[in-house]
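Peer 1: So here's model_31.cif (mmCIF, C-alpha atoms and all ligand atoms).
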data_model
#
loop_
_atom_site.label_atom_id
_atom_site.label_comp_id
_atom_site.auth_asym_id
_atom_site.auth_seq_id
_atom_site.Cartn_x
_atom_site.Cartn_y
_atom_site.Cartn_z
CA MET X 1 287.81 196.12 93.09
CA CYS X 2 287.35 195.06 89.49
CA THR X 3 290.45 194.53 87.31
CA ILE X 4 289.90 195.11 83.60
CA LEU X 5 292.25 194.30 80.72
CA GLY X 6 291.87 196.64 77.73
CA ILE X 7 293.04 195.81 74.19
CA GLU X 8 293.26 198.26 71.25
CA THR X 9 294.46 197.34 67.74
CA SER X 10 292.09 199.32 65.49
CA CYS X 11 294.75 201.19 63.51
CA ASP X 12 298.50 201.63 63.90
CA GLU X 13 298.92 201.40 67.68
CA THR X 14 299.19 198.04 69.44
CA SER X 15 298.08 198.66 73.00
CA ALA X 16 297.13 196.88 76.21
CA ALA X 17 296.22 198.35 79.59
CA VAL X 18 295.15 197.23 83.04
CA LEU X 19 292.65 199.22 85.09
CA GLU X 20 291.77 198.54 88.69
CA GLY X 21 288.36 200.06 88.97
CA ARG X 22 288.85 203.38 87.20
CA VAL X 23 292.53 203.66 88.10
CA VAL X 24 295.09 203.01 85.35
CA ARG X 25 297.64 200.45 86.62
CA SER X 26 299.43 200.13 83.29
CA SER X 27 299.10 201.43 79.75
CA VAL X 28 301.45 200.05 77.13
CA VAL X 29 301.35 201.52 73.62
CA ALA X 30 303.57 200.35 70.76
CA SER X 31 303.29 202.78 67.88
CA GLN X 32 303.82 201.63 64.31
CA VAL X 33 304.60 205.13 62.96
CA ASP X 34 308.17 204.18 62.05
CA LEU X 35 306.88 201.26 59.99
CA HIS X 36 304.25 203.28 58.10
CA ALA X 37 306.36 206.44 57.68
CA GLN X 38 308.13 204.84 54.70
CA TRP X 39 304.78 204.77 52.85
CA GLY X 40 303.52 208.15 54.14
CA GLY X 41 300.39 206.59 55.65
CA VAL X 42 299.01 203.47 57.31
CA VAL X 43 299.17 200.31 55.17
CA PRO X 44 296.40 198.04 56.57
CA GLU X 45 298.05 194.69 55.78
CA ALA X 46 301.34 195.76 57.39
CA ALA X 47 299.46 197.12 60.44
CA ALA X 48 297.66 193.81 60.99
CA ARG X 49 300.87 191.78 60.68
CA GLN X 50 302.66 193.95 63.19
CA HIS X 51 299.76 193.66 65.67
CA VAL X 52 300.13 189.86 65.42
CA GLU X 53 303.85 190.10 66.20
CA ARG X 54 303.57 192.56 69.05
CA LEU X 55 300.32 191.91 70.89
CA ASN X 56 301.41 188.97 73.07
CA PRO X 57 304.52 190.63 74.54
CA ILE X 58 302.56 193.86 75.03
CA LEU X 59 299.80 192.05 76.93
CA GLN X 60 302.44 190.47 79.16
CA GLN X 61 304.12 193.84 79.70
CA ALA X 62 300.78 195.42 80.67
CA LEU X 63 300.21 192.71 83.28
CA ASP X 64 303.79 192.85 84.60
CA THR X 65 303.74 196.65 84.92
CA ALA X 66 300.39 196.50 86.74
CA GLY X 67 301.78 193.78 89.01
CA VAL X 68 298.91 191.38 88.32
CA GLY X 69 298.66 187.86 86.93
CA TRP X 70 296.20 186.41 84.41
CA VAL X 71 293.99 185.04 87.20
CA ASP X 72 293.54 188.57 88.59
CA ILE X 73 291.80 189.79 85.43
CA ASP X 74 288.04 190.06 86.03
CA GLY X 75 286.97 191.18 82.56
CA ILE X 76 288.28 192.13 79.12
CA ALA X 77 287.40 195.14 76.94
CA VAL X 78 288.45 195.20 73.30
CA THR X 79 287.95 197.63 70.41
CA ASN X 80 285.85 195.84 67.78
CA ARG X 81 284.68 198.83 65.67
CA PRO X 82 285.29 201.02 63.67
CA GLY X 83 288.79 200.59 62.24
CA LEU X 84 290.87 198.50 59.88
CA VAL X 85 289.16 195.11 59.99
CA GLY X 86 292.38 193.12 59.58
CA ALA X 87 293.87 195.05 62.50
CA LEU X 88 290.74 194.87 64.69
CA VAL X 89 290.44 191.07 64.40
CA VAL X 90 293.91 190.60 65.90
CA GLY X 91 292.85 192.25 69.17
CA LEU X 92 289.39 190.70 69.06
CA ALA X 93 290.74 187.16 68.58
CA ALA X 94 293.14 187.67 71.50
CA ALA X 95 290.32 188.98 73.71
CA LYS X 96 288.11 186.00 72.87
CA ALA X 97 290.90 183.49 73.48
CA LEU X 98 291.74 185.07 76.85
CA ALA X 99 288.09 185.29 77.88
CA PHE X 100 287.66 181.60 77.05
CA ALA X 101 290.87 180.44 78.70
CA LEU X 102 290.32 182.52 81.85
CA ASN X 103 286.56 181.99 81.88
CA ARG X 104 285.94 185.74 82.19
CA PRO X 105 283.45 188.06 80.44
CA PHE X 106 284.49 190.33 77.56
CA VAL X 107 282.87 193.30 75.80
CA GLY X 108 283.47 194.91 72.41
CA VAL X 109 283.95 198.68 72.65
CA HIS X 110 283.35 201.32 69.98
CA HIS X 111 286.69 203.07 69.38
CA LEU X 112 285.11 206.54 69.68
CA GLU X 113 283.43 205.61 72.96
CA GLY X 114 286.96 204.88 74.18
CA HIS X 115 288.10 208.35 73.06
CA LEU X 116 285.08 209.88 74.90
CA TYR X 117 286.17 208.26 78.18
CA SER X 118 289.84 209.18 77.65
CA ALA X 119 289.00 212.64 79.04
CA PHE X 120 288.31 211.06 82.45
CA LEU X 121 291.26 208.67 82.83
CA GLU X 122 293.01 211.18 85.07
CA THR X 123 290.04 211.82 87.36
CA PRO X 124 289.16 208.33 88.67
CA ASP X 125 287.64 209.64 91.91
CA ALA X 126 285.16 212.07 90.34
CA PRO X 127 281.91 210.91 88.74
CA ILE X 128 281.79 211.18 84.93
CA PRO X 129 280.00 214.50 84.33
CA PHE X 130 276.84 214.06 82.25
CA PRO X 131 275.71 215.64 80.08
CA HIS X 132 278.91 216.74 78.41
CA LEU X 133 279.89 217.78 74.93
CA ALA X 134 282.77 215.86 73.32
CA LEU X 135 284.79 217.12 70.38
CA ILE X 136 286.42 214.01 68.89
CA VAL X 137 289.29 215.00 66.60
CA SER X 138 291.61 212.35 65.17
CA GLY X 139 293.12 211.03 61.97
CA GLY X 140 289.86 209.32 61.08
CA HIS X 141 287.19 211.34 62.88
CA THR X 142 285.89 214.86 63.42
CA GLU X 143 282.71 214.59 65.44
CA LEU X 144 280.81 216.67 67.95
CA VAL X 145 278.91 214.38 70.31
CA LEU X 146 276.53 215.03 73.19
CA ALA X 147 277.14 212.40 75.87
CA ARG X 148 273.94 212.21 77.92
CA GLY X 149 274.91 209.18 80.02
CA HIS X 150 276.94 205.96 79.80
CA GLY X 151 276.31 204.54 76.33
CA ASP X 152 273.83 207.33 75.51
CA TYR X 153 275.27 209.53 72.78
CA LEU X 154 273.89 211.95 70.22
CA LEU X 155 275.82 213.01 67.12
CA LEU X 156 275.56 216.79 66.76
CA GLY X 157 277.97 217.37 63.89
CA GLN X 158 280.66 215.68 61.83
CA THR X 159 282.99 216.26 58.93
CA LEU X 160 281.40 216.08 55.51
CA ASP X 161 284.70 215.06 53.88
CA ASP X 162 288.20 214.79 55.39
CA ALA X 163 288.88 214.37 59.11
CA VAL X 164 290.85 217.24 60.67
CA GLY X 165 293.83 214.97 61.50
CA GLU X 166 293.83 213.80 57.90
CA ALA X 167 294.00 217.46 56.81
CA PHE X 168 297.04 217.95 59.08
CA ASP X 169 298.68 214.81 57.66
CA LYS X 170 297.95 215.72 54.02
CA THR X 171 299.15 219.29 54.46
CA ALA X 172 302.36 218.06 56.09
CA ARG X 173 302.90 215.66 53.21
CA LEU X 174 302.38 218.47 50.70
CA LEU X 175 305.05 220.49 52.52
CA GLY X 176 307.40 217.50 52.77
CA LEU X 177 307.22 217.42 56.59
CA GLY X 178 306.91 213.65 57.06
CA TYR X 179 304.31 211.43 58.68
CA PRO X 180 302.30 211.81 60.85
CA GLY X 181 302.12 215.50 60.13
CA GLY X 182 300.16 216.86 63.10
CA PRO X 183 302.98 217.17 65.62
CA GLU X 184 305.39 218.72 63.08
CA ILE X 185 302.81 221.29 61.88
CA ASP X 186 302.09 222.09 65.53
CA ARG X 187 305.82 222.67 66.17
CA ARG X 188 306.41 224.78 63.07
CA ALA X 189 303.20 226.78 63.57
CA ARG X 190 304.67 228.13 66.82
CA LEU X 191 307.45 229.70 64.73
CA GLY X 192 305.10 231.19 62.12
CA ASP X 193 302.42 233.86 61.78
CA PRO X 194 298.83 232.51 61.67
CA THR X 195 297.67 235.64 59.80
CA ALA X 196 300.33 235.42 57.05
CA PHE X 197 297.94 233.57 54.72
CA ARG X 198 294.17 233.85 54.78
CA PHE X 199 292.76 230.35 54.27
CA PRO X 200 289.00 229.61 54.19
CA ARG X 201 287.06 228.60 57.34
CA ALA X 202 284.44 226.18 56.09
CA LYS X 203 280.83 227.04 56.94
CA VAL X 204 278.77 224.01 55.99
CA GLY X 205 275.64 224.39 58.08
CA GLY X 206 274.61 223.00 61.43
CA TRP X 207 277.54 222.00 63.60
CA ASN X 208 279.24 220.08 60.79
CA PHE X 209 282.78 220.48 59.51
CA SER X 210 284.56 220.36 56.15
CA TYR X 211 288.27 220.24 55.35
CA SER X 212 288.47 219.61 51.62
CA GLY X 213 288.25 223.34 50.74
CA LEU X 214 291.05 224.20 53.14
CA LYS X 215 293.20 221.38 51.75
CA THR X 216 292.73 222.66 48.19
CA ALA X 217 293.43 226.28 49.20
CA VAL X 218 296.71 225.29 50.86
CA ARG X 219 297.72 223.17 47.86
CA ARG X 220 297.09 226.07 45.45
CA GLU X 221 299.13 228.43 47.63
CA VAL X 222 302.00 225.93 47.88
CA GLU X 223 302.01 225.40 44.10
CA ARG X 224 302.09 229.17 43.55
CA LEU X 225 304.94 229.65 46.02
CA ARG X 226 306.90 226.75 44.49
CA ALA X 227 306.50 228.22 41.01
CA ASP X 228 307.89 231.52 42.36
CA ASP X 229 310.68 229.64 44.17
CA ALA X 230 309.47 231.28 47.38
CA LEU X 231 308.86 228.22 49.58
CA ASP X 232 311.59 228.87 52.13
CA GLU X 233 311.63 227.59 55.74
CA MET X 234 310.01 230.70 57.22
CA THR X 235 307.26 230.65 54.60
CA ILE X 236 306.59 226.99 55.47
CA ASN X 237 306.25 228.00 59.12
CA HIS X 238 303.75 230.74 58.13
CA LEU X 239 301.83 228.21 56.01
CA CYS X 240 301.70 225.78 58.95
CA ALA X 241 300.48 228.48 61.34
CA SER X 242 297.87 229.81 58.90
CA PHE X 243 296.61 226.33 57.97
CA GLN X 244 296.43 225.30 61.63
CA GLN X 245 294.47 228.42 62.58
CA ALA X 246 291.95 227.82 59.76
CA ALA X 247 291.66 224.16 60.82
CA ILE X 248 290.98 224.76 64.50
CA GLU X 249 288.71 227.83 64.41
CA PRO X 250 285.60 225.94 63.19
CA LEU X 251 286.22 223.26 65.85
CA ILE X 252 286.14 225.84 68.64
CA HIS X 253 283.29 227.84 67.07
CA ASN X 254 280.92 224.87 66.65
CA THR X 255 281.71 223.41 70.07
CA LEU X 256 281.02 226.71 71.84
CA GLU X 257 277.85 227.30 69.80
CA ALA X 258 276.50 223.83 70.60
CA ALA X 259 277.32 224.17 74.30
CA ARG X 260 275.47 227.48 74.44
CA ALA X 261 272.47 226.28 72.42
CA LEU X 262 272.06 223.11 74.50
CA GLY X 263 272.96 224.64 77.85
CA VAL X 264 275.76 222.11 78.48
CA GLY X 265 278.43 223.18 80.96
CA VAL X 266 281.15 220.56 80.42
CA VAL X 267 283.27 220.14 77.28
CA THR X 268 285.93 217.55 76.36
CA VAL X 269 288.41 217.53 73.49
CA VAL X 270 289.74 214.05 72.68
CA GLY X 271 291.59 212.15 69.92
CA GLY X 272 295.05 212.67 68.44
CA VAL X 273 294.45 216.27 67.33
CA ALA X 274 293.46 217.20 70.92
CA ALA X 275 297.23 217.17 71.54
CA ASN X 276 297.54 220.26 69.31
CA SER X 277 298.93 223.12 71.40
CA ALA X 278 297.06 225.94 69.63
CA LEU X 279 293.75 224.07 69.81
CA GLN X 280 294.29 223.46 73.52
CA GLN X 281 295.24 227.06 74.22
CA GLN X 282 292.40 228.63 72.26
CA MET X 283 289.79 226.14 73.48
CA ARG X 284 290.89 226.83 77.08
CA ALA X 285 290.50 230.57 76.59
CA ALA X 286 287.11 230.23 74.87
CA CYS X 287 285.73 227.85 77.53
CA HIS X 288 287.04 230.06 80.33
CA GLU X 289 285.30 233.07 78.85
CA ALA X 290 282.04 231.15 78.37
CA GLY X 291 282.16 229.67 81.88
CA LEU X 292 282.52 226.09 80.63
CA THR X 293 284.51 223.34 82.36
CA LEU X 294 287.01 221.78 79.95
CA PHE X 295 288.68 218.35 80.07
CA ILE X 296 291.55 217.51 77.69
CA PRO X 297 293.51 214.30 78.32
CA PRO X 298 297.32 214.38 78.49
CA PRO X 299 298.93 213.64 75.07
CA ARG X 300 299.49 209.92 75.83
CA TYR X 301 295.73 209.48 76.20
CA CYS X 302 294.84 211.74 73.22
CA THR X 303 296.31 209.29 70.71
CA ASP X 304 295.07 205.70 70.52
CA ASN X 305 295.53 203.67 73.71
CA ALA X 306 293.95 200.70 75.46
CA ALA X 307 293.42 202.49 78.80
CA MET X 308 290.50 204.45 77.32
CA ILE X 309 289.01 201.22 75.90
CA ALA X 310 289.33 199.58 79.33
CA LEU X 311 287.56 202.52 80.99
CA ALA X 312 284.65 202.43 78.52
CA GLY X 313 284.53 198.63 78.99
CA TYR X 314 284.62 199.01 82.77
CA PHE X 315 281.27 200.82 82.77
CA ARG X 316 279.77 198.33 80.30
CA LEU X 317 280.94 195.29 82.28
CA ALA X 318 279.83 196.92 85.55
CA ALA X 319 276.37 197.36 84.00
CA GLY X 320 276.30 193.60 83.30
CA GLN X 321 276.96 193.77 79.58
CA ARG X 322 278.69 190.74 78.03
CA ASP X 323 279.44 189.81 74.43
CA ASP X 324 279.42 186.37 72.81
CA TYR X 325 282.24 184.60 71.00
CA ASP X 326 280.56 185.37 67.66
CA LEU X 327 281.18 189.13 68.12
CA ASP X 328 282.50 190.57 64.84
CA ALA X 329 284.83 193.43 63.83
CA TYR X 330 283.43 196.28 61.70
CA ALA X 331 285.21 198.81 59.49
CA ASN X 332 282.40 201.34 59.88
CA ALA X 333 279.98 201.78 62.74
CA PRO X 334 278.20 204.91 63.96
CA LEU X 335 278.70 205.83 67.62
CA ALA X 336 275.34 207.46 67.89
CA ASP X 337 272.17 208.61 66.18
CA SER X 338 272.06 212.12 64.85
CA HIS X 339 268.55 213.16 65.88
CA LEU X 340 268.16 215.86 68.47
O1 LIG E 401 293.54 209.40 67.67
P1 LIG E 401 294.70 209.12 66.78
O2 LIG E 401 295.96 208.61 67.43
O3 LIG E 401 294.34 208.03 65.72
C1 LIG E 401 293.12 207.96 65.07
O4 LIG E 401 292.18 207.36 65.66
O5 LIG E 401 293.06 208.53 63.96
O6 LIG E 401 294.99 210.45 65.95
C2 LIG E 401 296.06 210.57 65.04
C3 LIG E 401 295.99 211.92 64.37
C4 LIG E 401 296.98 212.09 63.22
O7 LIG E 401 296.28 212.63 62.12
C5 LIG E 401 298.00 213.09 63.76
O8 LIG E 401 298.59 213.90 62.74
C6 LIG E 401 297.16 213.91 64.69
O9 LIG E 401 296.31 212.96 65.32
N1 LIG E 401 297.95 214.64 65.70
C7 LIG E 401 298.02 215.98 65.76
C8 LIG E 401 298.92 216.29 66.82
N2 LIG E 401 299.35 215.11 67.37
C9 LIG E 401 298.73 214.11 66.67
N3 LIG E 401 297.43 216.93 65.02
C10 LIG E 401 297.71 218.22 65.32
N4 LIG E 401 298.56 218.60 66.30
C11 LIG E 401 299.18 217.68 67.08
N5 LIG E 401 300.02 218.06 68.05
ZN ZN E 402 291.55 206.97 67.66
#
Can you turn what I pasted into structure tokens?
Peer 2:
Amino acid sequence: MCTILGIETSCDETSAAVLEGRVVRSSVVASQVDLHAQWGGVVPEAAARQHVERLNPILQQALDTAGVGWVDIDGIAVTNRPGLVGALVVGLAAAKALAFALNRPFVGVHHLEGHLYSAFLETPDAPIPFPHLALIVSGGHTELVLARGHGDYLLLGQTLDDAVGEAFDKTARLLGLGYPGGPEIDRRARLGDPTAFRFPRAKVGGWNFSYSGLKTAVRREVERLRADDALDEMTINHLCASFQQAAIEPLIHNTLEAARALGVGVVTVVGGVAANSALQQQMRAACHEAGLTLFIPPPRYCTDNAAMIALAGYFRLAAGQRDDYDLDAYANAPLADSHL
């Protein structure tokens, strides 16, 4: 059995995990939301500093929880792209130092490849179903990807402007609901009416997405309501429900369309926004009706975590892939080509 250490520091979560084969033995995630909440968003310099402070104890905790020692680690997987470069290099430097000291191989993992595999962390005994269609929805990404095999991905659609999680966060900020906004909008939307306001569903061609129009429409409505002194708690709940419905409908529509057009029978929804209760509920119903098998990870694996990085790295290391000590960190890096 192969024991893999995963490390993730691409944004505002410091995380380490130990996998034995495909089985998660430990997954430790230290969120920095409390730190960044005071600024209403992630401050890169502060994120990097906090990774430096927290990574060592979190690595130790991941090993202790898994009940393994350093000598038991057979390989290391680390996120090296895309993300905040100052944050990424903290995890990457740690991975290189450990690989050198332990004389073990390490691989750099694309953050979105980690999210792709997060859908299968809970099913370690079943083969990864290929091909499958992955809807990656997070604070930084809104992408529809066809996974044809390990490391073989095709980009089918993506956002032309804001990511859907960013739209949730910006809308929450506009309504004074704090940071990050997704969970609070989700909670309030359950108390509101999704048909109270009619916000635009962007149609931008192909299987792409757009959220700037929706953001502007919500802002105009909020300004109008404020001017009329009509922005009470119930109205905010209606705004949350109506915004959320407009945000998730194109996600479900494009995913179902692509699955039908390509004849793919398995769908995954991954990334922080996959934790959204309305998206989960409506995607479940749509996939059930279309006869599609759906995988959505539990919330702790929807948001950033090192277990998903370790799983992606497990398949790369098992295939004999190794990286050198000159491996770099990159702010931007495509997961896949976009040619069908
Ligand atoms: O994957 P993630 O942890 O980090 C990135 O790689 O971006 O995703 C974070 C995003 C944030 O925008 C947050 O507001 C959103 O996921 N999010 C949600 C929910 N939980 C987290 N959005 C909608 N509904 C939720 N329940
Ligand atoms: Zn992420």
Peer 1: So how far away is CA of Ser138 in chain X from CA of His238 in chain X, in Å?
Peer 2: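 Going from CA of His238 in chain X over to CA of Ser138 in chain X covers 23.1 Å.
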Peer 1: Pick out the residues no farther than 7 Å from ligand LIG 401 (chain E), counting all atoms listed in the file, and list them as an MDAnalysis selection string.
Peer 2: chainID X and resid 138:141 165:166 168:169 180:183 185:186 271:277 302:304
Peer 1: Would you mind exporting C-alpha atoms of the selected residues as an mmCIF file, keeping the file's coordinate frame?
Peer 2:
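Dumped everything to again_23.cif:
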data_model
loop_
_atom_site.group_PDB
_atom_site.id
_atom_site.type_symbol
_atom_site.label_atom_id
_atom_site.label_comp_id
_atom_site.auth_asym_id
_atom_site.auth_seq_id
_atom_site.Cartn_x
_atom_site.Cartn_y
_atom_site.Cartn_z
ATOM 1 C CA SER X 138 291.610 212.350 65.170
ATOM 2 C CA GLY X 139 293.120 211.030 61.970
ATOM 3 C CA GLY X 140 289.860 209.320 61.080
ATOM 4 C CA HIS X 141 287.190 211.340 62.880
ATOM 5 C CA GLY X 165 293.830 214.970 61.500
ATOM 6 C CA GLU X 166 293.830 213.800 57.900
ATOM 7 C CA PHE X 168 297.040 217.950 59.080
ATOM 8 C CA ASP X 169 298.680 214.810 57.660
ATOM 9 C CA PRO X 180 302.300 211.810 60.850
ATOM 10 C CA GLY X 181 302.120 215.500 60.130
ATOM 11 C CA GLY X 182 300.160 216.860 63.100
ATOM 12 C CA PRO X 183 302.980 217.170 65.620
ATOM 13 C CA ILE X 185 302.810 221.290 61.880
ATOM 14 C CA ASP X 186 302.090 222.090 65.530
ATOM 15 C CA GLY X 271 291.590 212.150 69.920
ATOM 16 C CA GLY X 272 295.050 212.670 68.440
ATOM 17 C CA VAL X 273 294.450 216.270 67.330
ATOM 18 C CA ALA X 274 293.460 217.200 70.920
ATOM 19 C CA ALA X 275 297.230 217.170 71.540
ATOM 20 C CA ASN X 276 297.540 220.260 69.310
ATOM 21 C CA SER X 277 298.930 223.120 71.400
ATOM 22 C CA CYS X 302 294.840 211.740 73.220
ATOM 23 C CA THR X 303 296.310 209.290 70.710
ATOM 24 C CA ASP X 304 295.070 205.700 70.520
#
Peer 1: Leaving out range 318-330 of chain X and any residue of its chain fewer than 4 positions from it, which residues lie within 10 Å of it when counting all atoms listed in the file, given as a ChimeraX atom specification?
Peer 2: /X:2,10,21,75-77,79-93,95-97,99-100,104-108,110,150,313-314
Peer 1: Which one is closest to ligand ZN 402 (chain E): X:Thr235, X:Ser212, X:Gln60, X:Thr9? Count all atoms listed in the file.
Peer 2: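 For ligand ZN 402 (chain E), the nearest of the candidates is X:Thr9.
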Peer 1: Got a sec: who's within 10 Å of Phe243 in chain X, counting only C-alpha atoms, leaving out chain neighbours fewer than 5 positions off, as an mmCIF file with C-alpha atoms, in the frame of the given file?
Peer 2:
data_model
loop_
_atom_site.group_PDB
_atom_site.id
_atom_site.type_symbol
_atom_site.label_atom_id
_atom_site.label_comp_id
_atom_site.auth_asym_id
_atom_site.auth_seq_id
_atom_site.Cartn_x
_atom_site.Cartn_y
_atom_site.Cartn_z
ATOM 1 C CA ALA X 167 294.000 217.460 56.810
ATOM 2 C CA PHE X 168 297.040 217.950 59.080
ATOM 3 C CA THR X 171 299.150 219.290 54.460
ATOM 4 C CA ILE X 185 302.810 221.290 61.880
ATOM 5 C CA ALA X 189 303.200 226.780 63.570
ATOM 6 C CA PRO X 194 298.830 232.510 61.670
ATOM 7 C CA THR X 195 297.670 235.640 59.800
ATOM 8 C CA ALA X 196 300.330 235.420 57.050
ATOM 9 C CA PHE X 197 297.940 233.570 54.720
ATOM 10 C CA ARG X 198 294.170 233.850 54.780
ATOM 11 C CA PHE X 199 292.760 230.350 54.270
ATOM 12 C CA PRO X 200 289.000 229.610 54.190
ATOM 13 C CA ARG X 201 287.060 228.600 57.340
ATOM 14 C CA LEU X 214 291.050 224.200 53.140
ATOM 15 C CA LYS X 215 293.200 221.380 51.750
ATOM 16 C CA ALA X 217 293.430 226.280 49.200
ATOM 17 C CA VAL X 218 296.710 225.290 50.860
ATOM 18 C CA ASN X 237 306.250 228.000 59.120
ATOM 19 C CA HIS X 238 303.750 230.740 58.130
ATOM 20 C CA ILE X 248 290.980 224.760 64.500
#
Peer 1: Could you work out how far CA of Cys240 in chain X lies from CA of Glu223 in chain X, giving the answer in Å with one decimal?
Peer 2: 14.9 Å
Peer 1: Taking into account all atoms listed in the file, which residue in the set X:Ala134, X:Cys11, X:Ala163, X:Leu144 is nearest to ligand ZN 402 (chain E)?
Peer 2: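 Checking each of X:Ala134, X:Cys11, X:Ala163, X:Leu144 against ligand ZN 402 (chain E), counting all atoms listed in the file, the winner is X:Cys11.
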Peer 1: Measuring between only C-alpha atoms and all ligand atoms, which one of X:Glu20, X:Asp74, X:Leu112, X:Asp337 shows the shortest distance to ligand ZN 402 (chain E)?
Peer 2: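 The closest residue to ligand ZN 402 (chain E) is X:Leu112.
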Peer 1: Residues near Leu146 in chain X, anyone? I mean within 10 Å using only C-alpha atoms, not counting same-chain ones fewer than 2 positions away, as a list in words.
Peer 2: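 What passes the distance filter is Phe130, Pro131, His132, Leu133, Ala134, Leu135, Glu143, Leu144, Arg148, Gly149, Asp152, Tyr153, Leu154, Leu155, Leu156, Gly157, Ala258, Ala259, Leu262, Val264, Val267, Ala336, Ser338 and Leu340 of chain X.
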Peer 1: Please define a box with edges along x, y and z of the file around all atoms of range 218-224 of chain X given in the file, extend it by 5 Å on each side, and return its centre and edge lengths in Å to one decimal, as AutoDock Vina command-line options.
Peer 2:
--center_x 299.4 --center_y 226.2 --center_z 47.2 --size_x 15.4 --size_y 16.0 --size_z 17.3
Peer 1: Report the distance between CA of Ile58 in chain X and CA of Phe120 in chain X in Å, rounded to one decimal place.
Peer 2: 23.5 Å
Peer 1: Enumerate, as a compact mmCIF listing (two decimals) with C-alpha atoms, in the frame of the given file, the protein, DNA and RNA residues whose atoms approach (311.7, 207.4, 55.2) to within 12 Å, taking into account all atoms listed in the file and the coordinate frame of the file.
Peer 2:
# COMPACT_ATOMS: atom_id res chain seq x y z
CA VAL X 33 304.60 205.13 62.96
CA ASP X 34 308.17 204.18 62.05
CA LEU X 35 306.88 201.26 59.99
CA HIS X 36 304.25 203.28 58.10
CA ALA X 37 306.36 206.44 57.68
CA GLN X 38 308.13 204.84 54.70
CA TRP X 39 304.78 204.77 52.85
CA GLY X 40 303.52 208.15 54.14
CA GLY X 41 300.39 206.59 55.65
CA GLY X 176 307.40 217.50 52.77
CA LEU X 177 307.22 217.42 56.59
CA GLY X 178 306.91 213.65 57.06
CA TYR X 179 304.31 211.43 58.68
CA PRO X 180 302.30 211.81 60.85
Peer 1: For each of X:Gln280, X:Asn305, X:Thr216, X:Gln245, take the minimum atom-to-atom distance to ligand ZN 402 (chain E), counting only C-alpha atoms and all ligand atoms, then give the residue where this is smallest.
Peer 2: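 Going through X:Gln280, X:Asn305, X:Thr216, X:Gln245 one by one, the smallest distance to ligand ZN 402 (chain E) is for X:Asn305.
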Peer 1: Considering all atoms listed in the file, state which residue in the set X:Leu251, X:Leu116, X:Ala172, X:Val222 is at the smallest distance from ligand ZN 402 (chain E).
Peer 2: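 Checking each candidate against ligand ZN 402 (chain E), we get X:Leu116 as the closest.
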Peer 1: Using all atoms listed in the file, which residue out of X:Val137, X:Leu160, X:Ala333, X:Leu231 lies closest to ligand ZN 402 (chain E)?
Peer 2: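 Answer, going by the shortest atom-to-atom distance: X:Val137.
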Peer 1: Restore N, CA and C atoms in range 110-121 of chain X and list the result as a PDB file, in the frame of the given file.
Peer 2:
ATOM      1  N   HIS X 110     283.239 200.420  71.128  1.00  0.00           N
ATOM      2  CA  HIS X 110     283.350 201.320  69.980  1.00  0.00           C
ATOM      3  C   HIS X 110     284.570 202.228  70.220  1.00  0.00           C
ATOM      4  N   HIS X 111     285.447 202.309  69.216  1.00  0.00           N
ATOM      5  CA  HIS X 111     286.690 203.070  69.380  1.00  0.00           C
ATOM      6  C   HIS X 111     286.433 204.513  69.844  1.00  0.00           C
ATOM      7  N   LEU X 112     285.388 205.143  69.298  1.00  0.00           N
ATOM      8  CA  LEU X 112     285.110 206.540  69.680  1.00  0.00           C
ATOM      9  C   LEU X 112     284.553 206.648  71.097  1.00  0.00           C
ATOM     10  N   GLU X 113     283.880 205.603  71.564  1.00  0.00           N
ATOM     11  CA  GLU X 113     283.430 205.610  72.960  1.00  0.00           C
ATOM     12  C   GLU X 113     284.672 205.612  73.868  1.00  0.00           C
ATOM     13  N   GLY X 114     285.694 204.862  73.440  1.00  0.00           N
ATOM     14  CA  GLY X 114     286.960 204.880  74.180  1.00  0.00           C
ATOM     15  C   GLY X 114     287.520 206.299  74.233  1.00  0.00           C
ATOM     16  N   HIS X 115     287.587 206.973  73.069  1.00  0.00           N
ATOM     17  CA  HIS X 115     288.100 208.350  73.060  1.00  0.00           C
ATOM     18  C   HIS X 115     287.270 209.242  74.002  1.00  0.00           C
ATOM     19  N   LEU X 116     285.935 209.082  74.002  1.00  0.00           N
ATOM     20  CA  LEU X 116     285.080 209.880  74.900  1.00  0.00           C
ATOM     21  C   LEU X 116     285.534 209.747  76.349  1.00  0.00           C
ATOM     22  N   TYR X 117     285.794 208.502  76.775  1.00  0.00           N
ATOM     23  CA  TYR X 117     286.170 208.260  78.180  1.00  0.00           C
ATOM     24  C   TYR X 117     287.614 208.650  78.474  1.00  0.00           C
ATOM     25  N   SER X 118     288.436 208.832  77.422  1.00  0.00           N
ATOM     26  CA  SER X 118     289.840 209.180  77.650  1.00  0.00           C
ATOM     27  C   SER X 118     289.979 210.484  78.436  1.00  0.00           C
ATOM     28  N   ALA X 119     288.970 211.350  78.337  1.00  0.00           N
ATOM     29  CA  ALA X 119     289.000 212.640  79.040  1.00  0.00           C
ATOM     30  C   ALA X 119     288.949 212.458  80.555  1.00  0.00           C
ATOM     31  N   PHE X 120     288.522 211.263  81.006  1.00  0.00           N
ATOM     32  CA  PHE X 120     288.310 211.060  82.450  1.00  0.00           C
ATOM     33  C   PHE X 120     289.235 210.000  83.048  1.00  0.00           C
ATOM     34  N   LEU X 121     290.292 209.647  82.310  1.00  0.00           N
ATOM     35  CA  LEU X 121     291.260 208.670  82.830  1.00  0.00           C
ATOM     36  C   LEU X 121     292.048 209.238  84.008  1.00  0.00           C
TER      37      LEU X 121
END
